[in-house]
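my_file_0.cif (mmCIF, C-alpha atoms (C1' of nucleotides)) appears below.
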data_protein
#
loop_
_atom_site.label_atom_id
_atom_site.label_comp_id
_atom_site.auth_asym_id
_atom_site.auth_seq_id
_atom_site.Cartn_x
_atom_site.Cartn_y
_atom_site.Cartn_z
CA MET W 1 4.70 -2.67 42.64
CA THR W 2 2.36 -3.27 39.72
CA LYS W 3 3.27 -3.42 36.07
CA SER W 4 1.60 -0.07 35.43
CA GLN W 5 3.41 1.63 38.27
CA ILE W 6 6.72 0.37 36.97
CA ALA W 7 5.82 1.56 33.49
CA GLU W 8 5.16 5.00 34.96
CA VAL W 9 8.57 5.00 36.56
CA LEU W 10 10.19 4.18 33.24
CA GLU W 11 8.24 7.06 31.68
CA GLU W 12 9.49 9.38 34.38
CA ILE W 13 13.04 8.28 33.77
CA ALA W 14 12.60 9.03 30.08
CA THR W 15 11.34 12.53 30.88
CA LEU W 16 14.16 13.24 33.30
CA LEU W 17 16.72 12.01 30.78
CA GLU W 18 15.18 14.39 28.27
CA LEU W 19 15.70 17.26 30.67
CA LYS W 20 19.30 16.18 31.01
CA ASP W 21 19.60 16.36 27.24
CA GLU W 22 20.59 12.72 27.09
CA ASN W 23 20.91 10.70 23.91
CA PRO W 24 17.45 10.77 22.26
CA PHE W 25 17.60 7.06 21.51
CA LYS W 26 18.27 6.22 25.12
CA ILE W 27 15.27 8.36 26.05
CA ARG W 28 13.13 6.55 23.54
CA ALA W 29 14.41 3.21 24.75
CA TYR W 30 12.98 3.95 28.21
CA ALA W 31 9.72 5.21 26.74
CA ASN W 32 9.47 2.14 24.53
CA ALA W 33 10.18 -0.15 27.44
CA ALA W 34 7.43 1.55 29.45
CA ARG W 35 4.90 1.10 26.64
CA SER W 36 6.02 -2.42 25.99
CA LEU W 37 5.74 -3.44 29.63
CA GLU W 38 2.34 -1.82 29.92
CA THR W 39 0.90 -3.61 26.92
CA PHE W 40 2.66 -6.87 27.50
CA GLY W 41 -0.10 -9.40 27.94
CA GLY W 42 2.04 -12.48 28.35
CA ASN W 43 2.19 -14.46 31.51
CA LEU W 44 4.60 -12.48 33.57
CA ALA W 45 4.38 -14.39 36.79
CA ASP W 46 7.34 -12.63 38.27
CA LEU W 47 8.55 -9.09 37.66
CA GLN W 48 11.77 -10.03 39.42
CA ASP W 49 12.73 -12.65 36.91
CA GLU W 50 15.31 -10.78 34.85
CA GLU W 51 15.47 -13.52 32.29
CA ALA W 52 11.74 -13.43 31.61
CA LEU W 53 11.77 -9.62 31.57
CA GLY W 54 14.53 -9.56 29.00
CA LYS W 55 12.30 -11.47 26.65
CA ILE W 56 9.81 -8.62 26.48
CA PRO W 57 10.56 -6.61 23.36
CA GLY W 58 12.31 -3.36 24.19
CA ILE W 59 13.54 -4.54 27.56
CA GLY W 60 17.17 -5.55 27.77
CA LYS W 61 19.70 -6.15 30.45
CA ALA W 62 19.86 -2.68 31.97
CA ILE W 63 16.15 -2.02 32.17
CA ALA W 64 15.38 -5.56 33.31
CA ALA W 65 17.69 -5.02 36.26
CA LYS W 66 15.92 -1.77 37.12
CA ILE W 67 12.51 -3.41 36.96
CA LYS W 68 13.75 -6.16 39.23
CA GLU W 69 15.00 -3.63 41.74
CA LEU W 70 11.66 -1.82 41.65
CA ALA W 71 9.61 -4.98 42.00
CA GLY W 72 11.75 -6.20 44.85
CA THR W 73 12.36 -3.08 46.91
CA GLY W 74 9.78 -0.62 45.59
CA LYS W 75 12.61 1.82 45.04
CA LEU W 76 15.19 2.56 42.39
CA LYS W 77 18.54 4.15 43.08
CA TYR W 78 18.92 5.40 39.53
CA LEU W 79 15.57 7.19 39.68
CA GLU W 80 16.38 8.81 43.02
CA GLU W 81 19.58 10.17 41.55
CA LEU W 82 17.83 11.56 38.51
CA ARG W 83 15.07 13.13 40.59
CA ALA W 84 17.64 14.78 42.81
CA GLU W 85 18.88 16.80 39.87
CA PHE W 86 15.64 18.74 39.41
CA PRO W 87 12.82 20.11 41.57
CA ALA W 88 9.92 17.65 41.68
CA ALA W 89 7.33 20.09 40.31
CA ILE W 90 9.26 20.71 37.11
CA LEU W 91 7.63 17.70 35.46
CA GLU W 92 4.25 19.44 35.45
CA LEU W 93 5.66 21.90 32.93
CA PHE W 94 5.58 19.14 30.33
CA SER W 95 1.79 19.31 30.42
CA ILE W 96 1.88 22.77 28.85
CA SER W 97 1.57 22.21 25.14
CA GLY W 98 4.30 23.96 23.23
CA LEU W 99 6.81 23.33 26.00
CA GLY W 100 9.32 20.55 25.61
CA ALA W 101 12.50 19.56 27.36
CA LYS W 102 14.66 22.20 25.71
CA LYS W 103 12.45 25.13 26.62
CA ILE W 104 11.74 23.83 30.11
CA LYS W 105 15.44 23.45 30.73
CA ALA W 106 16.09 27.01 29.56
CA LEU W 107 13.32 28.36 31.78
CA TYR W 108 14.70 26.46 34.74
CA GLU W 109 18.33 27.37 34.28
CA GLN W 110 17.86 31.01 33.42
CA LEU W 111 14.77 32.00 35.38
CA GLN W 112 14.70 29.27 38.03
CA ILE W 113 11.20 28.35 36.91
CA SER W 114 10.11 24.94 38.11
CA SER W 115 6.33 25.13 38.37
CA ILE W 116 3.39 26.25 36.28
CA GLU W 117 2.58 28.99 38.77
CA GLN W 118 6.10 30.41 38.55
CA LEU W 119 5.89 30.21 34.79
CA ARG W 120 2.61 32.13 34.71
CA GLU W 121 4.13 34.89 36.83
CA ALA W 122 7.25 35.16 34.71
CA CYS W 123 5.11 35.41 31.58
CA GLU W 124 2.98 38.16 33.05
CA LEU W 125 6.06 40.10 34.05
CA GLY W 126 7.38 39.76 30.52
CA ARG W 127 10.52 37.96 31.61
CA VAL W 128 10.08 34.89 29.45
CA ALA W 129 10.16 36.95 26.26
CA GLN W 130 13.63 38.18 27.18
CA LEU W 131 15.23 34.75 27.08
CA PRO W 132 17.19 33.71 24.01
CA GLY W 133 15.06 31.37 21.93
CA PHE W 134 11.86 32.87 23.34
CA GLY W 135 9.95 35.95 22.27
CA GLU W 136 6.70 37.84 22.76
CA THR W 137 4.82 35.33 20.64
CA THR W 138 6.05 32.33 22.54
CA GLN W 139 5.38 34.03 25.85
CA ALA W 140 1.79 34.80 24.86
CA LYS W 141 1.29 31.24 23.67
CA ILE W 142 2.51 29.88 26.96
CA CYS W 143 -0.02 32.07 28.78
CA THR W 144 -2.94 30.73 26.77
CA ALA W 145 -1.64 27.19 27.08
CA ILE W 146 -1.62 27.57 30.86
CA GLU W 147 -5.22 28.77 30.82
CA GLN W 148 -6.17 25.89 28.51
CA ARG W 149 -4.68 23.38 30.88
CA ALA W 150 -6.48 24.87 33.85
CA LYS W 151 -9.80 24.36 32.08
CA HIS W 152 -9.43 20.87 30.68
CA PHE W 153 -6.21 19.23 31.88
CA GLY W 154 -5.78 18.61 28.19
CA TYR W 155 -8.20 15.68 28.11
CA PHE W 156 -11.78 15.27 27.00
CA GLN W 157 -14.40 12.57 27.35
CA PHE W 158 -15.50 11.03 24.09
CA GLY W 159 -19.09 12.12 24.66
CA GLN W 160 -18.00 15.66 25.41
CA ILE W 161 -16.77 16.24 21.89
CA ALA W 162 -18.67 13.72 19.77
CA ALA W 163 -21.24 16.27 18.61
CA GLU W 164 -18.57 18.75 17.52
CA ALA W 165 -16.60 16.10 15.69
CA GLU W 166 -19.62 14.82 13.81
CA THR W 167 -20.74 18.32 12.89
CA LEU W 168 -17.35 19.15 11.46
CA ARG W 169 -17.24 15.91 9.53
CA ARG W 170 -20.71 16.44 8.12
CA ASP W 171 -20.13 20.08 7.17
CA LEU W 172 -16.80 19.33 5.53
CA ALA W 173 -18.33 16.40 3.68
CA ALA W 174 -21.00 18.73 2.32
CA HIS W 175 -18.35 20.97 0.79
CA ALA W 176 -18.29 20.65 -2.99
CA ASP W 177 -14.49 20.22 -3.06
CA ALA W 178 -14.37 17.54 -0.37
CA LEU W 179 -14.07 14.13 -2.00
CA GLN W 180 -13.75 12.11 1.19
CA VAL W 181 -13.92 13.07 4.86
CA ASP W 182 -13.39 11.12 8.05
CA VAL W 183 -12.61 11.70 11.66
CA ALA W 184 -9.45 9.73 12.40
CA GLY W 185 -7.35 9.50 15.56
CA SER W 186 -8.40 8.11 18.90
CA TYR W 187 -11.91 9.36 18.23
CA ARG W 188 -12.21 6.90 15.36
CA ARG W 189 -10.81 4.20 17.60
CA ARG W 190 -13.61 5.06 20.01
CA ARG W 191 -11.33 5.71 22.92
CA GLU W 192 -13.11 7.05 26.01
CA ILE W 193 -10.53 9.78 26.44
CA VAL W 194 -9.38 11.86 23.51
CA ARG W 195 -6.86 14.67 23.43
CA ASP W 196 -7.71 16.07 20.03
CA VAL W 197 -9.89 15.57 16.99
CA ASP W 198 -8.15 14.51 13.79
CA LEU W 199 -9.89 15.15 10.49
CA VAL W 200 -8.70 13.80 7.16
CA VAL W 201 -10.02 15.23 3.92
CA ALA W 202 -9.32 14.25 0.33
CA THR W 203 -9.58 17.08 -2.15
CA LYS W 204 -8.18 18.65 -5.30
CA LYS W 205 -8.46 22.09 -3.77
CA PRO W 206 -6.61 22.09 -0.44
CA ALA W 207 -6.77 25.85 -0.01
CA ALA W 208 -10.55 25.91 -0.40
CA ILE W 209 -11.00 23.19 2.20
CA THR W 210 -8.63 24.79 4.65
CA GLU W 211 -10.32 28.15 4.29
CA PHE W 212 -13.74 26.63 4.81
CA PHE W 213 -12.46 24.80 7.86
CA ILE W 214 -10.89 27.77 9.63
CA LYS W 215 -14.05 29.81 9.06
CA HIS W 216 -16.33 27.15 10.52
CA ALA W 217 -18.51 28.35 13.37
CA LEU W 218 -17.07 25.74 15.74
CA VAL W 219 -13.54 27.01 15.28
CA GLU W 220 -12.54 29.34 18.07
CA SER W 221 -8.94 30.13 17.12
CA ILE W 222 -6.18 29.05 14.75
CA ILE W 223 -3.13 27.40 16.21
CA ALA W 224 -1.25 26.65 13.01
CA GLN W 225 -2.06 26.77 9.33
CA GLY W 226 -0.27 25.38 6.31
CA PRO W 227 -1.01 23.85 2.92
CA THR W 228 -1.41 20.29 4.22
CA LYS W 229 -1.93 20.58 7.94
CA THR W 230 -4.03 23.00 9.97
CA SER W 231 -4.60 23.04 13.72
CA VAL W 232 -7.34 24.95 15.47
CA ARG W 233 -8.93 25.27 18.89
CA LEU W 234 -12.63 24.44 18.89
CA ARG W 235 -15.23 26.17 21.04
CA SER W 236 -15.21 23.27 23.46
CA GLY W 237 -11.51 23.89 24.05
CA ILE W 238 -10.29 20.77 22.30
CA GLN W 239 -7.64 20.96 19.62
CA CYS W 240 -8.62 19.87 16.14
CA ASP W 241 -6.16 18.96 13.38
CA LEU W 242 -7.09 18.93 9.72
CA ARG W 243 -5.03 16.94 7.22
CA VAL W 244 -5.61 17.70 3.58
CA VAL W 245 -4.49 15.07 1.08
CA SER W 246 -5.18 13.84 -2.45
CA SER W 247 -7.58 11.00 -3.17
CA ALA W 248 -4.68 8.66 -3.85
CA GLU W 249 -3.15 9.46 -0.46
CA TYR W 250 -6.40 9.32 1.42
CA PRO W 251 -6.50 5.66 2.50
CA PHE W 252 -2.93 5.90 3.76
CA ALA W 253 -3.53 9.14 5.61
CA LEU W 254 -6.73 7.83 7.15
CA ASN W 255 -4.99 4.69 8.31
CA TYR W 256 -1.92 6.50 9.55
CA PHE W 257 -3.79 9.18 11.47
CA THR W 258 -6.18 6.66 12.96
CA GLY W 259 -3.31 4.93 14.69
CA SER W 260 -2.65 3.79 17.24
CA LYS W 261 1.03 4.50 17.13
CA GLU W 262 1.73 0.90 18.08
CA HIS W 263 -0.60 -0.32 15.36
CA ASN W 264 1.18 1.88 12.81
CA ILE W 265 4.57 0.55 13.80
CA GLU W 266 3.36 -2.98 13.21
CA MET W 267 1.81 -2.02 9.86
CA ARG W 268 5.09 -0.45 8.74
CA SER W 269 7.03 -3.48 9.76
CA ARG W 270 4.71 -5.77 7.81
CA ALA W 271 5.24 -3.56 4.78
CA LEU W 272 9.01 -3.81 5.25
CA GLU W 273 8.81 -7.60 5.26
CA ARG W 274 7.40 -7.35 1.76
CA GLY W 275 10.07 -4.97 0.53
CA TRP W 276 7.86 -1.91 0.81
CA THR W 277 7.82 1.23 2.82
CA LEU W 278 4.59 2.55 4.28
CA ASN W 279 3.98 6.11 5.36
CA GLU W 280 1.03 8.47 5.68
CA TYR W 281 0.97 9.09 1.93
CA ARG W 282 1.72 5.86 0.14
CA LEU W 283 2.99 2.33 -0.07
CA ALA W 284 6.17 2.38 -2.13
CA ARG W 285 9.09 0.24 -3.14
CA LEU W 286 11.85 0.31 -0.62
CA PRO W 287 14.61 2.63 -1.87
CA PRO W 288 17.69 0.78 -3.09
CA ASP W 289 19.94 -0.23 -0.23
CA PRO W 290 23.39 1.30 -0.81
CA LYS W 291 25.30 -1.56 0.80
CA ALA W 292 23.27 -4.39 -0.68
CA LYS W 293 24.79 -3.46 -4.03
CA LYS W 294 28.20 -4.15 -5.54
CA LEU W 295 27.56 -7.86 -5.83
CA ARG W 296 27.19 -8.84 -9.45
CA ALA W 297 27.97 -5.46 -10.92
CA GLY W 298 26.31 -5.12 -14.28
CA GLN W 299 23.41 -7.38 -13.42
CA ALA W 300 20.33 -5.95 -11.90
CA VAL W 301 20.20 -7.46 -8.43
CA ARG W 302 16.59 -7.81 -7.55
CA ARG W 303 15.29 -7.96 -4.05
CA PRO W 304 12.33 -10.22 -3.40
CA THR W 305 10.02 -7.29 -3.87
CA ILE W 306 6.39 -8.10 -4.38
CA LYS W 307 4.36 -6.03 -6.76
CA ILE W 308 2.53 -3.31 -4.91
CA PRO W 309 -1.24 -3.70 -5.08
CA THR W 310 -3.42 -0.70 -5.79
CA VAL W 311 -4.86 0.77 -2.64
CA ARG W 312 -8.08 2.73 -3.11
CA GLU W 313 -9.50 2.36 0.36
CA GLU W 314 -8.27 1.40 3.78
CA ALA W 315 -9.40 -2.20 3.42
CA ASP W 316 -7.09 -2.59 0.39
CA LEU W 317 -4.14 -1.73 2.57
CA TYR W 318 -4.89 -4.49 5.05
CA ARG W 319 -5.40 -6.86 2.14
CA ALA W 320 -2.04 -5.84 0.71
CA LEU W 321 -0.41 -6.78 3.99
CA ALA W 322 -2.26 -10.11 4.10
CA LEU W 323 -4.47 -9.06 6.96
CA ASP W 324 -8.18 -9.04 7.55
CA PHE W 325 -9.55 -5.56 8.00
CA VAL W 326 -8.95 -4.44 11.57
CA PRO W 327 -11.77 -2.32 12.97
CA PRO W 328 -10.46 0.98 14.35
CA GLU W 329 -11.51 0.10 17.91
CA LEU W 330 -9.07 -2.79 17.91
CA ARG W 331 -6.01 -0.98 16.56
CA GLU W 332 -3.90 -0.96 19.70
CA ASN W 333 -1.44 -3.73 18.87
CA CYS W 334 -2.96 -5.88 21.56
CA GLY W 335 -3.36 -9.02 19.51
CA GLU W 336 -5.23 -7.69 16.48
CA PHE W 337 -2.44 -8.73 14.13
CA GLU W 338 -2.45 -12.32 15.30
CA ALA W 339 -6.21 -12.29 14.88
CA ALA W 340 -6.12 -10.65 11.45
CA GLU W 341 -3.27 -12.77 10.13
CA LYS W 342 -4.51 -14.78 7.18
CA HIS W 343 -3.17 -18.29 7.60
CA SER W 344 -3.01 -19.48 4.04
"C1'" DC C 1 30.87 -5.47 17.46
"C1'" DT C 2 28.36 -1.96 14.84
"C1'" DG C 3 24.76 0.83 13.01
"C1'" DA C 4 19.85 1.98 13.17
"C1'" DC C 5 16.43 3.56 15.96
"C1'" DG C 6 10.22 7.30 11.65
"C1'" DT C 7 9.57 11.16 9.68
"C1'" DC C 8 7.75 15.50 8.50
"C1'" DG C 9 4.91 19.98 8.77
"C1'" DC C 10 4.59 24.18 11.08
"C1'" DA C 11 5.94 28.24 14.00
"C1'" DT C 12 9.41 30.78 15.82
"C1'" DG C 13 13.67 33.33 16.75
"C1'" DG C 14 17.52 35.22 15.16
"C1'" DG C 15 20.96 36.25 11.68
"C1'" DC C 16 21.47 38.42 7.42
"C1'" DG B 1 11.76 41.08 4.56
"C1'" DC B 2 13.89 36.51 3.61
"C1'" DC B 3 16.29 32.27 5.03
"C1'" DT B 4 17.37 28.65 7.97
"C1'" DA B 5 18.12 25.95 12.30
"C1'" DT B 6 15.67 24.41 16.04
"C1'" DG B 7 11.96 22.86 18.96
"C1'" DC B 8 7.77 20.75 19.16
"C1'" DG B 9 4.09 17.69 18.17
"C1'" DA B 10 2.17 13.89 15.88
"C1'" DG A 1 19.37 1.52 25.92
"C1'" DT A 2 17.85 -2.25 22.71
"C1'" DC A 3 17.88 -4.85 18.73
"C1'" DA A 4 19.32 -7.06 14.37
"C1'" DG A 5 22.86 -8.07 11.22
#
Now, as a test, write the supplied structure out as structure tokens.
Amino acid sequence: MTKSQIAEVLEEIATLLELKDENPFKIRAYANAARSLETFGGNLADLQDEEALGKIPGIGKAIAAKIKELAGTGKLKYLEELRAEFPAAILELFSISGLGAKKIKALYEQLQISSIEQLREACELGRVAQLPGFGETTQAKICTAIEQRAKHFGYFQFGQIAAEAETLRRDLAAHADALQVDVAGSYRRRREIVRDVDLVVATKKPAAITEFFIKHALVESIIAQGPTKTSVRLRSGIQCDLRVVSSAEYPFALNYFTGSKEHNIEMRSRALERGWTLNEYRLARLPPDPKAKKLRAGQAVRRPTIKIPTVREEADLYRALALDFVPPELRENCGEFEAAEKHS
DNA sequence: CTGACGTCGCATGGGC
DNA sequence: GCCTATGCGA
DNA sequence: GTCAG
């Protein structure tokens, strides 16, 4: 069994544990282990060497043993047991956007729904809307989500949507109230496959930008709309998210929404090392730690906090974290930090 | 051994 | 109609 | 379930 196949198994375990309503952190532990194994570039000569496996971040004793079993026998008792608790097809329901473990579980337990086809039928018969926690609106949304999936499987080729993305960026940028505009997300990272288009706009008039956006000719329907975040469906069928922020927040939002998730985690952790906290809006001083107090009452105990540099553009943020600028294409936490590390 | 594990915006359903 | 807890997605 | 303190 290959590394990727084993990672997929760990993903499946995470999904099945979610359906079982297991501890969310246990679920994430499996998902993290899957990701970690997948991206682990090190010399893993032997997937059966539990000791070596345990050294991979996110993989401990329990998961190392499971990987060993998989690598050795091609099977996993634990997985078989989990699978036995649900019909095999039920996992495809997770590909309907808007459906998560909780809703899928309810549909399964109360209407015995375990496939997309069964779900479509139940929606058309109006049965889904009767369930507690569901309603007419949710039922209708599920119907359109099923149609969406049939058309695109939820994925798009970069080239398929490049023209739309650029048009939106250009038209937003031409708006008098738009101070800065960029396409972020996996599109900015130039991934071949993208699931949505993420736009970030800096403005002093969020409402004006949002209104302009939802009325754009490329927008087919509105999925969600709020003061800072708006999601729409474009004519091509792809989902497009608009984030509206202030100029001061812009570099942070652009960086955050460009990702990748793994890259962001590493960025946050580098900020932490310097006594800062990084999120999609700002770099700030770490809030006072409640238990690091009490010593030397009366005296201000100061943490080795470094003064926060001003960040006006994305490059400033990398500079603040003592990194060379990392081009979006390389932001996958596959060695870019080692490469960007400034050895002083 | 024990506590943390990211966090927040939006839509919805249901109770008032 | 308003308020809030929950699920979902990112 | 994994990790750091």
Between atom CA of W:Ala224 and atom C1' of B:DG9 - distance in Å to one decimal:
11.6 Å
Hey, what comes out of the PyMOL selection byres ((chain A) within 10 of (chain W)) on this file? Could you write it as a PyMOL selection string?
chain A and resi 1-3
So how many Å separate atom CA of W:Ala89 and atom CA of W:Arg35, to one decimal?
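Computing the Euclidean distance for atom CA of W:Ala89 and atom CA of W:Arg35 yields 23.5 Å.
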Identify all chain W residues at most 12 Å from chain B by counting all atoms listed in the file; ligands do not count. Present them as a PDB file with C-alpha atoms, keeping the file's coordinate frame.
ATOM      1  CA  PHE W  94       5.580  19.140  30.330  1.00  0.00           C
ATOM      2  CA  ILE W  96       1.880  22.770  28.850  1.00  0.00           C
ATOM      3  CA  SER W  97       1.570  22.210  25.140  1.00  0.00           C
ATOM      4  CA  GLY W  98       4.300  23.960  23.230  1.00  0.00           C
ATOM      5  CA  LEU W  99       6.810  23.330  26.000  1.00  0.00           C
ATOM      6  CA  GLY W 100       9.320  20.550  25.610  1.00  0.00           C
ATOM      7  CA  ALA W 101      12.500  19.560  27.360  1.00  0.00           C
ATOM      8  CA  LYS W 102      14.660  22.200  25.710  1.00  0.00           C
ATOM      9  CA  LYS W 103      12.450  25.130  26.620  1.00  0.00           C
ATOM     10  CA  ILE W 104      11.740  23.830  30.110  1.00  0.00           C
ATOM     11  CA  GLY W 133      15.060  31.370  21.930  1.00  0.00           C
ATOM     12  CA  PHE W 134      11.860  32.870  23.340  1.00  0.00           C
ATOM     13  CA  THR W 138       6.050  32.330  22.540  1.00  0.00           C
ATOM     14  CA  GLY W 185      -7.350   9.500  15.560  1.00  0.00           C
ATOM     15  CA  ARG W 195      -6.860  14.670  23.430  1.00  0.00           C
ATOM     16  CA  ASP W 196      -7.710  16.070  20.030  1.00  0.00           C
ATOM     17  CA  ASP W 198      -8.150  14.510  13.790  1.00  0.00           C
ATOM     18  CA  ALA W 224      -1.250  26.650  13.010  1.00  0.00           C
ATOM     19  CA  LYS W 229      -1.930  20.580   7.940  1.00  0.00           C
ATOM     20  CA  SER W 231      -4.600  23.040  13.720  1.00  0.00           C
ATOM     21  CA  ASP W 241      -6.160  18.960  13.380  1.00  0.00           C
ATOM     22  CA  ARG W 243      -5.030  16.940   7.220  1.00  0.00           C
ATOM     23  CA  TYR W 256      -1.920   6.500   9.550  1.00  0.00           C
ATOM     24  CA  PHE W 257      -3.790   9.180  11.470  1.00  0.00           C
ATOM     25  CA  THR W 258      -6.180   6.660  12.960  1.00  0.00           C
ATOM     26  CA  GLY W 259      -3.310   4.930  14.690  1.00  0.00           C
ATOM     27  CA  SER W 260      -2.650   3.790  17.240  1.00  0.00           C
ATOM     28  CA  LYS W 261       1.030   4.500  17.130  1.00  0.00           C
ATOM     29  CA  GLU W 280       1.030   8.470   5.680  1.00  0.00           C
TER      30      GLU W 280
END
Would you give me, as a PyMOL selection string, the residues of chain C that come within 7 Å of chain W, using all atoms listed in the file?
chain C and resi 5+9-10+13
On this file, the PyMOL selection byres ((chain W and resi 79) around 12) gives some set of residues; write that set as a PyMOL selection string.
chain W and resi 6+8-17+63+66-67+69-70+74-78+80-86
Atomic distance atom CA of W:Glu18 - atom CA of W:Gly72, expressed in Å with one decimal
26.7 Å
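On the file presented, the PyMOL selection byres ((chain W and resi 338-341) around 10) picks out Tyr318, Leu321, Ala322, Leu323, Asp324, Phe325, Val326, Asn333, Cys334, Gly335, Glu336, Phe337, Lys342, His343 and Ser344 of chain W.
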Neighbour residues at most 12 Å from (10.0, 38.0, 29.4) (all atoms listed in the file) as a list in words:
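Output of the proximity query reads Leu107, Gln110, Leu111, Leu119, Arg120, Glu121, Ala122, Cys123, Glu124, Leu125, Gly126, Arg127, Val128, Ala129, Gln130, Leu131, Pro132, Gly133, Phe134, Gly135, Glu136, Thr137, Thr138, Gln139, Ala140, Ile142 and Cys143 of chain W.
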Because the input lacks atoms here, generate N, CA, C and O atoms for stretch 17-28 of chain W and report them as a PDB file, in the coordinates of the input.
ATOM      1  N   LEU W  17      15.563  12.117  31.680  1.00  0.00           N
ATOM      2  CA  LEU W  17      16.720  12.010  30.780  1.00  0.00           C
ATOM      3  C   LEU W  17      16.620  13.067  29.681  1.00  0.00           C
ATOM      4  O   LEU W  17      17.621  13.612  29.224  1.00  0.00           O
ATOM      5  N   GLU W  18      15.401  13.357  29.276  1.00  0.00           N
ATOM      6  CA  GLU W  18      15.180  14.390  28.270  1.00  0.00           C
ATOM      7  C   GLU W  18      15.643  15.738  28.804  1.00  0.00           C
ATOM      8  O   GLU W  18      16.307  16.498  28.122  1.00  0.00           O
ATOM      9  N   LEU W  19      15.284  16.005  30.045  1.00  0.00           N
ATOM     10  CA  LEU W  19      15.700  17.260  30.670  1.00  0.00           C
ATOM     11  C   LEU W  19      17.224  17.345  30.757  1.00  0.00           C
ATOM     12  O   LEU W  19      17.800  18.425  30.707  1.00  0.00           O
ATOM     13  N   LYS W  20      17.838  16.204  30.914  1.00  0.00           N
ATOM     14  CA  LYS W  20      19.300  16.180  31.010  1.00  0.00           C
ATOM     15  C   LYS W  20      19.944  16.252  29.637  1.00  0.00           C
ATOM     16  O   LYS W  20      21.160  16.223  29.519  1.00  0.00           O
ATOM     17  N   ASP W  21      19.107  16.291  28.602  1.00  0.00           N
ATOM     18  CA  ASP W  21      19.600  16.360  27.240  1.00  0.00           C
ATOM     19  C   ASP W  21      20.411  15.115  26.886  1.00  0.00           C
ATOM     20  O   ASP W  21      21.425  15.193  26.215  1.00  0.00           O
ATOM     21  N   GLU W  22      19.920  13.983  27.368  1.00  0.00           N
ATOM     22  CA  GLU W  22      20.590  12.720  27.090  1.00  0.00           C
ATOM     23  C   GLU W  22      20.378  12.299  25.631  1.00  0.00           C
ATOM     24  O   GLU W  22      19.570  12.892  24.930  1.00  0.00           O
ATOM     25  N   ASN W  23      21.074  11.282  25.232  1.00  0.00           N
ATOM     26  CA  ASN W  23      20.910  10.700  23.910  1.00  0.00           C
ATOM     27  C   ASN W  23      19.434  10.382  23.636  1.00  0.00           C
ATOM     28  O   ASN W  23      18.810   9.637  24.372  1.00  0.00           O
ATOM     29  N   PRO W  24      18.878  10.953  22.560  1.00  0.00           N
ATOM     30  CA  PRO W  24      17.450  10.770  22.260  1.00  0.00           C
ATOM     31  C   PRO W  24      17.038   9.306  22.141  1.00  0.00           C
ATOM     32  O   PRO W  24      15.903   8.956  22.462  1.00  0.00           O
ATOM     33  N   PHE W  25      17.951   8.475  21.686  1.00  0.00           N
ATOM     34  CA  PHE W  25      17.600   7.060  21.510  1.00  0.00           C
ATOM     35  C   PHE W  25      17.541   6.326  22.839  1.00  0.00           C
ATOM     36  O   PHE W  25      16.764   5.391  23.003  1.00  0.00           O
ATOM     37  N   LYS W  26      18.324   6.798  23.771  1.00  0.00           N
ATOM     38  CA  LYS W  26      18.270   6.220  25.120  1.00  0.00           C
ATOM     39  C   LYS W  26      16.927   6.616  25.742  1.00  0.00           C
ATOM     40  O   LYS W  26      16.249   5.793  26.358  1.00  0.00           O
ATOM     41  N   ILE W  27      16.555   7.875  25.537  1.00  0.00           N
ATOM     42  CA  ILE W  27      15.270   8.360  26.050  1.00  0.00           C
ATOM     43  C   ILE W  27      14.142   7.513  25.482  1.00  0.00           C
ATOM     44  O   ILE W  27      13.268   7.027  26.203  1.00  0.00           O
ATOM     45  N   ARG W  28      14.191   7.316  24.176  1.00  0.00           N
ATOM     46  CA  ARG W  28      13.130   6.550  23.540  1.00  0.00           C
ATOM     47  C   ARG W  28      13.140   5.105  24.006  1.00  0.00           C
ATOM     48  O   ARG W  28      12.103   4.465  24.096  1.00  0.00           O
TER      49      ARG W  28
END
